[in-house]
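Just below is one structure, and these are the notes that go with it.
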Amino acid sequence: MFDHVKFGVTDFEASKAFYLAALAPLGVTVVGEGPPSYGVELCDDGEASLCLFQTTERPAQLHIAFVAARRAQVDAFHRAALAAGGTDNGAPGVRANYNANYYAAFVLDPDGHNIEVVCHRPEP
């Protein structure tokens, strides 16, 4: 749906470390990096990427949802994100109010952005 999403963070190193740790279960790594004012590009083996850059501006809360192929990846994301300094914003579980197979977890990043990982597949 998108090529990349780029947004500013107030602590570049902390945010970069958070996203690398939290999204490691999804296969996300650094694919490009410049000075903090330019930022870092994070990607899995797909075509879309997430880009972060240092800023002093305080943006409104952002909600980003990443897709997971398996529910275990949602669980691993939640554990990794909390260990990396994120704040729980919804433990892994089925969100039946969305649909019967909407299995997701939510974590607030160091800037308060709502980061979600969701698996739309039923449990095998």
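Residues in the structure tokens are named by chain (A, B, ... in the order shown) and by number from 1 within that chain; ligands are numbered from 1 in the order shown.
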Q.
Give me, as a PyMOL selection string, the residues of chain A that a backbone DSSP run labels alpha helix (DSSP H).
A. chain A and resi 12-23+71-83
**Q.** Close residues, Val74 in chain A itself excluded, 10 Å, only C-alpha atoms, min 2 positions apart in chain, as a count of residues only
**A.** 26
How close does range 50-81 of chain A get to range 2-12 of chain A? List, as JSON lines, each residue of range 50-81 of chain A within 8 Å, its nearest atom pair and the distance in Å to one decimal, counting only C-alpha atoms.
```
{"residue": "A:Leu50", "atom": "CA", "partner": "A:Val5", "partner_atom": "CA", "distance": 5.0}
{"residue": "A:Cys51", "atom": "CA", "partner": "A:Lys6", "partner_atom": "CA", "distance": 4.3}
{"residue": "A:Leu52", "atom": "CA", "partner": "A:Phe7", "partner_atom": "CA", "distance": 5.3}
{"residue": "A:Phe53", "atom": "CA", "partner": "A:Gly8", "partner_atom": "CA", "distance": 4.9}
{"residue": "A:Gln54", "atom": "CA", "partner": "A:Phe12", "partner_atom": "CA", "distance": 5.1}
{"residue": "A:Thr55", "atom": "CA", "partner": "A:Gly8", "partner_atom": "CA", "distance": 5.4}
{"residue": "A:Thr56", "atom": "CA", "partner": "A:Thr10", "partner_atom": "CA", "distance": 5.8}
{"residue": "A:Glu57", "atom": "CA", "partner": "A:Thr10", "partner_atom": "CA", "distance": 7.5}
{"residue": "A:Arg58", "atom": "CA", "partner": "A:Thr10", "partner_atom": "CA", "distance": 7.4}
{"residue": "A:Pro59", "atom": "CA", "partner": "A:Gly8", "partner_atom": "CA", "distance": 7.4}
```
Q: Name all residues at most 10 Å from Gln61 in chain A (count only C-alpha atoms; drop same-chain ones fewer than 5 positions away) and give them as a ChimeraX atom specification.
A: /A:108,111-114
Could those residues be written to a file, using N, CA and C atoms, as a PDB file, in the first residue's frame?
```pdb
ATOM      1  N   LEU A 108       3.503   1.508  22.817  1.00  0.00           N
ATOM      2  CA  LEU A 108       3.875   2.900  22.578  1.00  0.00           C
ATOM      3  C   LEU A 108       5.385   2.983  22.499  1.00  0.00           C
ATOM      4  N   ASP A 111       8.424   7.950  21.742  1.00  0.00           N
ATOM      5  CA  ASP A 111       7.752   9.233  21.536  1.00  0.00           C
ATOM      6  C   ASP A 111       6.242   9.143  21.735  1.00  0.00           C
ATOM      7  N   GLY A 112       5.738   7.988  22.136  1.00  0.00           N
ATOM      8  CA  GLY A 112       4.309   7.829  22.361  1.00  0.00           C
ATOM      9  C   GLY A 112       3.522   7.404  21.139  1.00  0.00           C
ATOM     10  N   HIS A 113       4.214   7.064  20.038  1.00  0.00           N
ATOM     11  CA  HIS A 113       3.521   6.579  18.852  1.00  0.00           C
ATOM     12  C   HIS A 113       2.983   5.168  19.108  1.00  0.00           C
ATOM     13  N   ASN A 114       1.781   4.902  18.634  1.00  0.00           N
ATOM     14  CA  ASN A 114       1.124   3.611  18.834  1.00  0.00           C
ATOM     15  C   ASN A 114       1.557   2.650  17.728  1.00  0.00           C
TER      16      ASN A 114
END
```
Give the strand (DSSP E) residues of chain A, as DSSP finds them on the backbone, and put them as a tab-separated table (two decimals) with C-alpha atoms, in the first residue's frame.
```tsv
chain	number	residue	atom	x	y	z
A	4	HIS	CA	7.74	4.22	2.88
A	5	VAL	CA	6.63	6.03	6.01
A	6	LYS	CA	8.99	8.63	7.47
A	7	PHE	CA	8.47	10.45	10.74
A	8	GLY	CA	10.47	12.47	13.22
A	9	VAL	CA	11.58	11.25	16.62
A	29	THR	CA	16.85	-4.50	9.63
A	30	VAL	CA	18.66	-1.29	8.66
A	31	VAL	CA	18.84	-0.96	4.88
A	32	GLY	CA	20.17	2.61	4.73
A	33	GLU	CA	21.34	5.31	7.11
A	40	VAL	CA	17.58	5.61	9.02
A	41	GLU	CA	15.57	3.33	6.72
A	42	LEU	CA	14.30	0.05	8.15
A	43	CYS	CA	12.85	-2.74	6.02
A	49	SER	CA	10.13	0.77	4.54
A	50	LEU	CA	9.95	2.75	7.77
A	51	CYS	CA	12.21	5.80	8.07
A	52	LEU	CA	13.03	7.74	11.24
A	53	PHE	CA	14.83	11.06	11.58
A	54	GLN	CA	15.87	13.32	14.46
A	63	HIS	CA	-0.44	4.76	14.61
A	64	ILE	CA	1.50	2.33	12.44
A	65	ALA	CA	0.44	-1.30	11.97
A	66	PHE	CA	2.90	-3.91	10.69
A	67	VAL	CA	1.70	-7.22	9.28
A	87	THR	CA	5.05	0.81	26.96
A	88	ASP	CA	2.30	-1.77	26.72
A	89	ASN	CA	-0.76	-0.43	24.91
A	90	GLY	CA	-2.55	-3.74	24.36
A	91	ALA	CA	-1.26	-7.25	25.02
A	92	PRO	CA	-1.29	-9.84	22.23
A	93	GLY	CA	-4.73	-11.25	21.59
A	94	VAL	CA	-7.70	-11.56	19.28
A	103	TYR	CA	-4.65	-11.06	16.37
A	104	ALA	CA	-2.66	-8.00	17.42
A	105	ALA	CA	-0.49	-6.32	20.03
A	106	PHE	CA	0.08	-2.61	20.64
A	107	VAL	CA	3.08	-0.79	22.16
A	108	LEU	CA	3.87	2.90	22.58
A	114	ASN	CA	1.12	3.61	18.83
A	115	ILE	CA	2.90	0.70	17.13
A	116	GLU	CA	0.84	-2.37	16.26
A	117	VAL	CA	1.71	-5.75	14.81
A	118	VAL	CA	-1.24	-7.75	13.47
A	119	CYS	CA	-1.74	-11.23	12.05
```
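The residue that comes closest to Leu20 in chain A, out of A:Arg95, A:Pro124, A:Ala83, A:Glu47 and on the basis of only C-alpha atoms, is A:Ala83.
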**Q.** Distance query Ala14 in chain A at most 10 Å, only C-alpha atoms, self and fewer than 5 positions along chain excluded, as a ChimeraX atom specification
**A.** /A:9,19,84-85,109-111
Q: Between A:Ser15, A:Ala81, A:Gly86, A:Pro122, single out the one closest to Asn99 in chain A, counting only C-alpha atoms.
A: A:Pro122
